[in-house]
file run_38.cif (mmCIF, C-alpha atoms)
data_model
loop_
_atom_site.label_atom_id
_atom_site.label_comp_id
_atom_site.auth_asym_id
_atom_site.auth_seq_id
_atom_site.Cartn_x
_atom_site.Cartn_y
_atom_site.Cartn_z
CA THR A 1 49.94 -81.28 -17.32
CA GLY A 2 51.59 -78.87 -14.96
CA SER A 3 52.55 -78.07 -11.42
CA ARG A 4 51.78 -75.12 -9.22
CA ILE A 5 54.40 -73.62 -6.97
CA LYS A 6 52.80 -72.04 -3.92
CA HIS A 7 54.28 -68.91 -2.47
CA PRO A 8 55.07 -68.81 1.26
CA LYS A 9 53.14 -66.64 3.64
CA ALA A 10 53.96 -62.97 3.38
CA THR A 11 56.55 -62.18 6.03
CA PRO A 12 58.93 -59.26 6.04
CA ASP A 13 62.47 -60.14 5.05
CA PRO A 14 65.10 -58.03 6.81
CA HIS A 15 67.42 -58.43 3.80
CA SER A 16 64.83 -57.58 1.13
CA HIS A 17 62.24 -54.88 0.44
CA THR A 18 59.82 -57.24 -1.36
CA LEU A 19 57.20 -59.75 -0.26
CA ALA A 20 57.01 -63.23 -1.74
CA THR A 21 53.23 -63.14 -2.20
CA MET A 22 53.49 -60.12 -4.51
CA THR A 23 54.97 -62.29 -7.27
CA THR A 24 51.65 -63.60 -8.62
CA PRO A 25 49.75 -60.24 -8.79
CA ALA A 26 52.75 -58.48 -10.34
CA LEU A 27 53.22 -61.33 -12.80
CA SER A 28 49.55 -61.29 -13.78
CA ALA A 29 49.53 -57.53 -14.35
CA GLY A 30 52.74 -57.55 -16.37
CA CYS A 31 51.68 -60.49 -18.53
CA ALA A 32 48.26 -58.93 -19.15
CA LEU A 33 49.93 -55.75 -20.39
CA LEU A 34 52.19 -57.80 -22.65
CA ALA A 35 49.39 -59.92 -24.12
CA PHE A 36 46.90 -57.11 -24.75
CA SER A 37 49.25 -54.19 -25.44
CA PRO A 38 49.03 -54.31 -29.29
CA SER A 39 45.23 -54.33 -29.29
CA LEU A 40 44.77 -51.75 -26.54
CA SER A 41 47.40 -49.39 -27.95
CA LEU A 42 45.85 -49.33 -31.42
CA LEU A 43 42.35 -49.12 -29.99
CA PHE A 44 43.06 -45.94 -28.02
CA LEU A 45 45.50 -44.32 -30.46
CA ILE A 46 43.60 -44.88 -33.73
CA ALA A 47 40.05 -46.15 -33.36
CA TYR A 48 38.77 -44.72 -30.08
CA GLN A 49 38.05 -41.18 -31.33
CA LYS A 50 36.28 -42.24 -34.55
CA SER A 51 32.87 -43.82 -34.29
CA GLN A 52 33.16 -45.47 -37.72
CA LEU A 53 36.34 -47.27 -36.70
CA ILE A 54 34.84 -48.38 -33.38
CA ILE A 55 32.02 -50.04 -35.33
CA ILE A 56 34.62 -51.83 -37.47
CA VAL A 57 36.52 -52.99 -34.38
CA THR A 58 33.34 -54.39 -32.84
CA THR A 59 32.08 -56.15 -35.96
CA SER A 60 35.50 -57.68 -36.72
CA ALA A 61 35.66 -59.04 -33.18
CA PHE A 62 32.25 -60.59 -33.76
CA ALA A 63 33.58 -62.09 -37.02
CA PHE A 64 36.34 -63.82 -35.04
CA LEU A 65 33.77 -65.24 -32.64
CA LEU A 66 31.83 -66.59 -35.62
CA SER A 67 34.99 -68.24 -36.95
CA SER A 68 35.57 -69.90 -33.59
CA LEU A 69 31.96 -71.08 -33.52
CA LEU A 70 32.24 -72.47 -37.04
CA ALA A 71 35.46 -74.33 -36.19
CA SER A 72 33.82 -75.80 -33.09
CA LEU A 73 30.80 -76.97 -35.08
CA LEU A 74 33.08 -78.77 -37.52
CA TRP A 75 34.49 -80.86 -34.68
CA LEU A 76 31.16 -81.79 -33.10
CA PRO A 77 30.81 -85.13 -34.99
CA VAL A 78 34.43 -86.06 -34.21
CA PRO A 79 35.13 -88.14 -31.07
CA ALA A 80 36.78 -86.22 -28.26
CA SER A 81 39.84 -88.49 -28.38
CA LEU A 82 40.65 -87.18 -31.86
CA ARG A 83 40.26 -83.48 -31.04
CA THR A 84 43.84 -83.07 -29.89
CA GLY A 85 47.16 -82.49 -31.54
CA PRO A 86 47.99 -80.72 -34.81
CA LEU A 87 44.77 -81.91 -36.49
CA ILE A 88 42.75 -79.12 -34.88
CA ILE A 89 44.86 -76.39 -36.51
CA PRO A 90 43.89 -76.54 -40.24
CA PRO A 91 40.09 -76.30 -39.69
CA ALA A 92 40.54 -73.31 -37.38
CA VAL A 93 42.83 -71.59 -39.90
CA VAL A 94 40.37 -72.20 -42.74
CA CYS A 95 37.44 -70.85 -40.71
CA GLN A 96 39.31 -67.71 -39.69
CA PHE A 97 40.44 -67.17 -43.28
CA LEU A 98 36.89 -67.47 -44.61
CA LEU A 99 35.42 -65.17 -41.95
CA ARG A 100 38.20 -62.66 -42.50
CA CYS A 101 37.48 -62.55 -46.24
CA GLY A 102 33.73 -62.48 -45.59
CA PHE A 103 34.10 -59.55 -43.22
CA VAL A 104 36.08 -57.53 -45.77
CA LYS A 105 33.56 -58.34 -48.48
CA VAL A 106 30.71 -57.09 -46.30
CA TYR A 107 32.77 -54.00 -45.50
CA HIS A 108 33.14 -53.27 -49.22
CA ARG A 109 29.38 -53.45 -49.68
CA VAL A 110 28.77 -51.07 -46.78
CA GLU A 111 31.50 -48.78 -48.11
CA ALA A 112 29.79 -48.66 -51.51
CA VAL A 113 26.50 -47.64 -49.88
CA ILE A 114 28.24 -44.92 -47.87
CA GLN A 115 30.08 -43.59 -50.93
CA LYS A 116 26.83 -43.51 -52.88
CA SER A 117 25.18 -41.56 -50.06
CA ILE A 118 28.11 -39.11 -49.96
CA ARG A 119 27.95 -38.52 -53.71
CA LYS A 120 24.20 -37.92 -53.48
CA HIS A 121 24.74 -35.44 -50.65
CA GLU A 122 27.44 -33.61 -52.59
CA ARG A 123 25.24 -33.35 -55.69
CA HIS A 124 22.45 -31.95 -53.53
CA GLU A 125 24.80 -29.42 -51.94
CA ALA A 126 26.18 -28.39 -55.34
CA GLU A 127 22.65 -27.89 -56.66
CA GLN A 128 21.76 -25.76 -53.65
CA VAL A 129 24.88 -23.66 -54.19
CA ARG A 130 24.04 -23.20 -57.86
CA ARG A 131 20.49 -22.09 -57.06
CA ARG A 132 21.62 -19.63 -54.38
CA GLN A 133 24.24 -18.17 -56.70
CA GLU A 134 21.70 -17.75 -59.50
CA GLN A 135 19.24 -16.13 -57.12
CA GLN A 136 21.93 -13.79 -55.87
CA ARG A 137 22.88 -12.80 -59.42
CA GLN A 138 19.24 -12.04 -60.24
CA GLU A 139 18.90 -9.84 -57.17
CA ASN A 140 22.12 -7.98 -57.97
CA ASN A 141 21.64 -7.62 -61.74
CA ASN A 142 21.46 -3.83 -61.38
CA GLU A 143 24.70 -3.61 -59.43
CA ASN A 144 28.19 -3.43 -60.85
CA HIS A 145 30.18 -6.52 -61.81
CA ASN A 146 32.53 -6.39 -58.82
CA ARG A 147 29.67 -6.30 -56.34
CA ALA A 148 28.06 -9.25 -58.07
CA GLU A 149 31.28 -11.28 -57.82
CA GLU A 150 31.65 -10.40 -54.16
CA GLY A 151 28.08 -11.50 -53.48
CA ALA A 152 28.65 -14.81 -55.29
CA ASP A 153 31.79 -15.43 -53.26
CA ASN A 154 29.97 -14.72 -50.04
CA VAL A 155 27.27 -17.23 -50.93
CA ALA A 156 29.65 -20.01 -51.95
CA ALA A 157 31.89 -19.75 -48.91
CA PRO A 158 29.64 -21.51 -46.34
CA THR A 159 29.34 -24.63 -48.51
CA SER A 160 33.04 -25.42 -48.26
CA ALA A 161 32.58 -26.38 -44.61
CA GLY A 162 29.76 -28.74 -45.53
CA LEU A 163 31.83 -30.39 -48.23
CA SER A 164 34.80 -30.69 -45.89
CA GLU A 165 32.70 -32.88 -43.60
CA THR A 166 32.16 -35.38 -46.41
CA ALA A 167 35.85 -35.15 -47.25
CA LYS A 168 36.70 -36.03 -43.65
CA LEU A 169 34.34 -38.99 -43.74
CA ARG A 170 35.93 -40.22 -46.96
CA LEU A 171 39.38 -39.74 -45.45
CA GLU A 172 38.48 -41.95 -42.49
CA LEU A 173 37.08 -44.68 -44.75
CA ASN A 174 40.35 -45.79 -46.29
CA ASP A 175 41.91 -49.24 -46.33
CA TRP A 176 44.73 -48.32 -43.95
CA SER A 177 42.61 -47.04 -41.06
CA CYS A 178 39.79 -49.56 -41.54
CA GLY A 179 42.21 -52.45 -42.03
CA ILE A 180 44.03 -51.60 -38.81
CA ALA A 181 40.73 -51.23 -36.95
CA ALA A 182 39.49 -54.57 -38.27
CA GLY A 183 42.76 -56.28 -37.39
CA ASN A 184 42.56 -54.72 -33.96
CA GLY A 185 39.13 -56.22 -33.32
CA PHE A 186 40.02 -59.61 -34.80
CA GLY A 187 43.34 -59.86 -32.98
CA GLY A 188 42.00 -58.42 -29.74
CA MET A 189 39.22 -61.00 -29.50
CA HIS A 190 41.72 -63.71 -30.43
CA ALA A 191 43.97 -62.61 -27.55
CA VAL A 192 41.02 -62.57 -25.13
CA LEU A 193 40.02 -66.14 -26.00
CA LEU A 194 43.61 -67.34 -26.17
CA TYR A 195 44.83 -65.79 -22.94
CA GLY A 196 41.90 -64.36 -21.00
CA THR A 197 40.74 -67.62 -19.40
CA LEU A 198 44.25 -68.49 -18.19
CA LEU A 199 44.75 -64.99 -16.82
CA ALA A 200 41.41 -65.05 -15.00
CA SER A 201 42.08 -68.45 -13.42
CA GLU A 202 45.62 -67.56 -12.37
CA SER A 203 44.68 -64.18 -10.91
CA SER A 204 42.62 -65.86 -8.20
CA ALA A 205 44.96 -68.81 -7.64
CA VAL A 206 47.63 -69.23 -4.98
CA GLY A 207 51.06 -69.75 -6.46
CA THR A 208 52.39 -69.78 -10.03
CA LEU A 209 51.54 -72.38 -12.65
CA TYR A 210 54.35 -74.11 -14.55
CA GLN A 211 53.70 -76.59 -17.36
CA ASP A 212 55.80 -79.31 -18.95
CA SER A 213 55.84 -77.45 -22.25
CA CYS A 214 57.91 -74.71 -20.58
CA SER A 215 59.04 -75.91 -17.19
CA PHE A 216 61.45 -73.01 -16.60
CA MET A 217 58.92 -70.25 -17.42
CA PRO A 218 55.53 -69.53 -15.79
CA SER A 219 52.60 -70.42 -18.04
CA LEU A 220 51.35 -66.84 -17.79
CA VAL A 221 54.54 -65.57 -19.42
CA ASN A 222 54.63 -68.23 -22.13
CA SER A 223 50.97 -67.73 -23.06
CA ALA A 224 51.31 -63.91 -22.92
CA ILE A 225 54.13 -64.02 -25.47
CA ILE A 226 52.06 -66.26 -27.75
CA ALA A 227 49.01 -63.96 -27.45
CA PHE A 228 51.20 -60.92 -28.14
CA LEU A 229 52.66 -62.47 -31.31
CA PHE A 230 49.28 -63.66 -32.57
CA SER A 231 47.79 -60.19 -32.04
CA ILE A 232 50.45 -58.70 -34.30
CA LEU A 233 50.01 -61.51 -36.82
CA ASP A 234 46.22 -61.02 -36.91
CA MET A 235 46.79 -57.34 -37.69
CA ILE A 236 49.08 -58.16 -40.62
CA LEU A 237 46.75 -60.88 -41.91
CA MET A 238 43.79 -58.51 -41.88
CA LEU A 239 45.75 -55.87 -43.80
CA LEU A 240 46.77 -58.52 -46.33
CA THR A 241 43.12 -59.52 -46.62
CA PHE A 242 42.07 -55.91 -47.20
CA TYR A 243 44.68 -55.58 -49.94
CA GLY A 244 43.77 -58.91 -51.53
CA MET A 245 40.00 -58.44 -51.47
CA ARG A 246 40.30 -54.86 -52.78
CA ARG A 247 42.42 -55.97 -55.74
CA ARG A 248 40.09 -58.88 -56.46
CA LYS A 249 37.16 -56.45 -56.38
CA ASP A 250 38.73 -53.75 -58.52
CA GLY A 251 40.83 -55.95 -60.79
CA TYR A 252 42.89 -53.14 -62.30
CA ALA A 253 46.57 -52.38 -62.78
CA ARG A 254 47.97 -49.20 -61.39
CA ASN A 255 50.06 -46.99 -63.65
CA SER A 256 53.25 -46.53 -61.69
CA VAL A 257 56.88 -46.97 -62.60
CA ASN A 258 57.56 -48.60 -59.23
CA VAL A 259 55.05 -51.41 -59.77
CA ARG A 260 56.38 -54.42 -61.61
CA PRO A 261 54.68 -55.37 -64.86
CA GLU A 262 52.79 -58.60 -65.03
CA GLY A 263 54.86 -61.66 -65.87
CA SER A 264 58.15 -60.20 -64.62
CA GLY A 265 58.78 -63.08 -62.24
CA GLY A 266 57.51 -61.67 -58.96
CA ALA A 267 60.15 -59.03 -58.35
CA SER A 268 60.53 -55.36 -59.03
CA VAL A 269 63.60 -53.17 -59.13
CA CYS A 270 63.11 -49.74 -57.62
CA ALA A 271 65.74 -47.08 -57.76
CA GLY A 272 68.53 -47.95 -55.34
CA ARG A 273 66.64 -50.89 -53.81
CA ILE A 274 67.25 -54.61 -53.72
CA PRO A 275 64.58 -56.55 -55.67
CA LEU A 276 62.01 -57.93 -53.25
CA LEU A 277 58.67 -59.65 -53.53
CA ARG A 278 56.06 -57.12 -54.60
CA PHE A 279 52.40 -57.91 -55.07
CA PRO A 280 51.14 -56.71 -58.47
CA ASP A 281 48.35 -54.17 -58.30
CA THR A 282 45.94 -56.52 -60.06
CA ALA A 283 43.44 -59.23 -59.23
CA TRP A 284 46.29 -61.75 -59.35
CA GLY A 285 48.19 -59.67 -56.80
CA GLY A 286 45.13 -59.82 -54.56
CA ASN A 287 45.01 -63.60 -54.84
CA LEU A 288 48.71 -63.77 -54.01
CA ALA A 289 48.20 -61.65 -50.88
CA LEU A 290 45.37 -63.93 -49.73
CA ILE A 291 47.51 -67.03 -50.31
CA VAL A 292 50.30 -65.51 -48.24
CA ALA A 293 47.82 -64.67 -45.46
CA PHE A 294 46.45 -68.23 -45.38
CA PHE A 295 49.78 -70.04 -45.31
CA ALA A 296 51.33 -67.56 -42.85
CA HIS A 297 48.50 -68.29 -40.41
CA LEU A 298 48.85 -72.02 -41.01
CA ALA A 299 52.59 -71.85 -40.36
CA ALA A 300 52.03 -69.86 -37.18
CA GLY A 301 49.56 -72.48 -35.97
CA PHE A 302 51.95 -75.35 -36.58
CA ALA A 303 54.75 -73.37 -34.91
CA THR A 304 52.95 -73.94 -31.60
CA VAL A 305 52.90 -77.75 -32.02
CA PRO A 306 56.26 -78.26 -30.19
CA ASN A 307 54.49 -77.11 -27.01
CA LEU A 308 53.11 -80.66 -26.82
CA LYS A 309 56.63 -81.86 -25.92
CA GLN A 310 58.79 -81.30 -22.87
CA ASN A 311 60.12 -77.73 -22.94
CA GLY A 312 58.79 -77.34 -26.44
CA CYS A 313 58.55 -73.57 -25.96
CA LEU A 314 62.28 -73.42 -26.71
CA VAL A 315 61.31 -74.26 -30.30
CA SER A 316 57.77 -72.89 -30.59
CA LEU A 317 58.39 -69.32 -29.41
CA PRO A 318 61.33 -68.59 -31.77
CA ALA A 319 59.47 -70.33 -34.62
CA LEU A 320 56.31 -68.29 -34.03
CA ALA A 321 58.29 -65.05 -33.78
CA GLY A 322 60.07 -65.96 -37.01
CA VAL A 323 56.77 -66.55 -38.82
CA VAL A 324 55.39 -63.21 -37.61
CA GLY A 325 58.57 -61.37 -38.60
CA LEU A 326 58.74 -62.98 -42.04
CA THR A 327 55.05 -62.22 -42.67
CA ALA A 328 55.61 -58.58 -41.70
CA ILE A 329 58.57 -58.33 -44.11
CA ILE A 330 56.56 -59.86 -46.95
CA PHE A 331 53.66 -57.52 -46.26
CA VAL A 332 55.77 -54.35 -46.15
CA SER A 333 57.71 -55.36 -49.25
CA GLY A 334 54.65 -56.57 -51.14
CA VAL A 335 52.37 -53.54 -50.70
CA SER A 336 54.91 -50.76 -50.22
CA GLY A 337 53.75 -47.67 -52.09
CA HIS A 338 50.50 -49.09 -53.43
CA PHE A 339 48.46 -50.46 -50.54
CA LEU A 340 45.70 -47.91 -51.08
CA PRO A 341 43.77 -47.98 -54.36
CA ASP A 342 44.32 -45.03 -56.69
CA ILE A 343 41.17 -43.13 -55.73
CA GLN A 344 41.95 -43.30 -51.99
CA GLY A 345 45.58 -42.32 -52.55
CA ARG A 346 44.60 -39.27 -54.61
CA ARG A 347 41.95 -38.30 -52.06
CA MET A 348 44.41 -38.44 -49.15
CA GLY A 349 46.95 -36.44 -51.15
CA GLN A 350 44.41 -33.76 -52.04
CA ASN A 351 43.21 -33.47 -48.44
CA GLY A 352 46.79 -33.25 -47.25
CA LEU A 353 47.53 -30.41 -49.67
CA ALA A 354 44.32 -28.62 -48.69
CA ALA A 355 45.13 -28.91 -44.99
CA GLU A 356 48.65 -27.59 -45.63
CA ALA A 357 47.24 -24.63 -47.58
CA MET A 358 44.83 -23.80 -44.76
CA ARG A 359 47.68 -23.83 -42.24
CA HIS A 360 49.69 -21.41 -44.40
CA GLU A 361 46.68 -19.10 -44.72
CA ASP A 362 46.23 -19.05 -40.95
#

call {"tool": "encode", "arguments": {"input": "run_38.cif", "output": "structure tokens"}}
result
Amino acid sequence: TGSRIKHPKATPDPHSHTLATMTTPALSAGCALLAFSPSLSLLFLIAYQKSQLIIIVTTSAFAFLLSSLLASLLWLPVPASLRTGPLIIPPAVVCQFLLRCGFVKVYHRVEAVIQKSIRKHERHEAEQVRRRQEQQRQENNNENHNRAEEGADNVAAPTSAGLSETAKLRLELNDWSCGIAAGNGFGGMHAVLLYGTLLASESSAVGTLYQDSCSFMPSLVNSAIIAFLFSILDMILMLLTFYGMRRRKDGYARNSVNVRPEGSGGASVCAGRIPLLRFPDTAWGGNLALIVAFFAHLAAGFATVPNLKQNGCLVSLPALAGVVGLTAIIFVSGVSGHFLPDIQGRRMGQNGLAAEAMRHED
């Protein structure tokens, strides 16, 4: 239930430089920027210039739509009178969790195919280089040794550019960039379904809608804050899912002094740091990350239940923000220093050193 406060006809006020009817358009624009700012910012800053990441954004958004469809199908046999209240939250959380894990699993299969294709391409390029070098040596067998070495260097040089293209592709296909892109698509579509319909209806309406759940705040503002927080939460949950599914897939322990050994009670002591929760770099650590993702989403869903009461937003908004903040702290503490698997970490380090060397040479 709610009430709509209509704005008076636009008439100039000699004591003010504003018009009353400008409240609703300005409110709609500001709330839209608030609700969609996380998704739009990451889309244009990270994913927009890379076609691979745009594909991940699109497919992850489709995965969210499938989770919504699955949750809706589960409620079809249930009478409409029972489809209200907190009971609708757990099925939706379960469906989103399953589709999130399913999306990452499919991503891993596609990644394996791409890596296999890259390795095949590199072997082909290396064979071509070897053949050209051997041919060059045969042609220059009557020349001195220095000339032969110079010729071999001249032949091998063009292949470095070809190999750098595969290195760039590998660099883009890492769990950080792809996890952020997937979370961007998942959270962006969530924000559109959560807030887009209200924004569209209010943009063409006269006046401002207020609801009993937050009688002192326009519904556009309340819903924009919720969409904003859920967009950030979806990003963190997707990164947790990438970490968890990767560790479940690899099932190995990383050799690092900063990673706690198994059976140490869930905490690690790094130099000069307070012991915090740290996910082990094993299959069990992956399961733990997935458990955290599931219950964090469930807690966020139940944090919105007070909105069913009069001025419940006074409780729901701080509770939801607290869940998002706590989940972010657990994520940062749990995966700090070992989010990427060993092979991706070494690859990024090698490419960083190579890029630094090229800058010094220039």

call {"tool": "closest_residue", "arguments": {"input": "run_38.cif", "among": "A:Asn184, A:Gln135, A:Ser28, A:Gln128", "to": "A:Asn222", "atoms": "only C-alpha atoms"}}
result
A:Ser28

call {"tool": "resolve_selection", "arguments": {"input": "run_38.cif", "expression": "the PyMOL selection byres ((chain A and resi 229) around 12)", "output": "number ranges by chain"}}
result
A: 34-39, 187-188, 190-191, 194-195, 222-228, 230-236, 297, 300-301, 303-304, 316-325, 327-328

call {"tool": "write_last_selection", "arguments": {"input": "run_38.cif", "atoms": "C-alpha atoms", "output": "PDB file, in the coordinates of the input"}}
result
ATOM      1  CA  LEU A  34      52.190 -57.800 -22.650  1.00  0.00           C
ATOM      2  CA  ALA A  35      49.390 -59.920 -24.120  1.00  0.00           C
ATOM      3  CA  PHE A  36      46.900 -57.110 -24.750  1.00  0.00           C
ATOM      4  CA  SER A  37      49.250 -54.190 -25.440  1.00  0.00           C
ATOM      5  CA  PRO A  38      49.030 -54.310 -29.290  1.00  0.00           C
ATOM      6  CA  SER A  39      45.230 -54.330 -29.290  1.00  0.00           C
ATOM      7  CA  GLY A 187      43.340 -59.860 -32.980  1.00  0.00           C
ATOM      8  CA  GLY A 188      42.000 -58.420 -29.740  1.00  0.00           C
ATOM      9  CA  HIS A 190      41.720 -63.710 -30.430  1.00  0.00           C
ATOM     10  CA  ALA A 191      43.970 -62.610 -27.550  1.00  0.00           C
ATOM     11  CA  LEU A 194      43.610 -67.340 -26.170  1.00  0.00           C
ATOM     12  CA  TYR A 195      44.830 -65.790 -22.940  1.00  0.00           C
ATOM     13  CA  ASN A 222      54.630 -68.230 -22.130  1.00  0.00           C
ATOM     14  CA  SER A 223      50.970 -67.730 -23.060  1.00  0.00           C
ATOM     15  CA  ALA A 224      51.310 -63.910 -22.920  1.00  0.00           C
ATOM     16  CA  ILE A 225      54.130 -64.020 -25.470  1.00  0.00           C
ATOM     17  CA  ILE A 226      52.060 -66.260 -27.750  1.00  0.00           C
ATOM     18  CA  ALA A 227      49.010 -63.960 -27.450  1.00  0.00           C
ATOM     19  CA  PHE A 228      51.200 -60.920 -28.140  1.00  0.00           C
ATOM     20  CA  PHE A 230      49.280 -63.660 -32.570  1.00  0.00           C
ATOM     21  CA  SER A 231      47.790 -60.190 -32.040  1.00  0.00           C
ATOM     22  CA  ILE A 232      50.450 -58.700 -34.300  1.00  0.00           C
ATOM     23  CA  LEU A 233      50.010 -61.510 -36.820  1.00  0.00           C
ATOM     24  CA  ASP A 234      46.220 -61.020 -36.910  1.00  0.00           C
ATOM     25  CA  MET A 235      46.790 -57.340 -37.690  1.00  0.00           C
ATOM     26  CA  ILE A 236      49.080 -58.160 -40.620  1.00  0.00           C
ATOM     27  CA  HIS A 297      48.500 -68.290 -40.410  1.00  0.00           C
ATOM     28  CA  ALA A 300      52.030 -69.860 -37.180  1.00  0.00           C
ATOM     29  CA  GLY A 301      49.560 -72.480 -35.970  1.00  0.00           C
ATOM     30  CA  ALA A 303      54.750 -73.370 -34.910  1.00  0.00           C
ATOM     31  CA  THR A 304      52.950 -73.940 -31.600  1.00  0.00           C
ATOM     32  CA  SER A 316      57.770 -72.890 -30.590  1.00  0.00           C
ATOM     33  CA  LEU A 317      58.390 -69.320 -29.410  1.00  0.00           C
ATOM     34  CA  PRO A 318      61.330 -68.590 -31.770  1.00  0.00           C
ATOM     35  CA  ALA A 319      59.470 -70.330 -34.620  1.00  0.00           C
ATOM     36  CA  LEU A 320      56.310 -68.290 -34.030  1.00  0.00           C
ATOM     37  CA  ALA A 321      58.290 -65.050 -33.780  1.00  0.00           C
ATOM     38  CA  GLY A 322      60.070 -65.960 -37.010  1.00  0.00           C
ATOM     39  CA  VAL A 323      56.770 -66.550 -38.820  1.00  0.00           C
ATOM     40  CA  VAL A 324      55.390 -63.210 -37.610  1.00  0.00           C
ATOM     41  CA  GLY A 325      58.570 -61.370 -38.600  1.00  0.00           C
ATOM     42  CA  THR A 327      55.050 -62.220 -42.670  1.00  0.00           C
ATOM     43  CA  ALA A 328      55.610 -58.580 -41.700  1.00  0.00           C
TER      44      ALA A 328
END

call {"tool": "atom_distance", "arguments": {"input": "run_38.cif", "atom1": "atom CA of A:Leu99", "atom2": "atom CA of A:Phe64"}}
result
7.1 Å

call {"tool": "atom_distance", "arguments": {"input": "run_38.cif", "atom1": "atom CA of A:Val305", "atom2": "atom CA of A:Ile291"}}
result
21.9 Å

call {"tool": "closest_residue", "arguments": {"input": "run_38.cif", "among": "A:Gln138, A:Asn174, A:Ser41, A:Thr241", "to": "A:Lys105", "atoms": "only C-alpha atoms"}}
result
A:Thr241
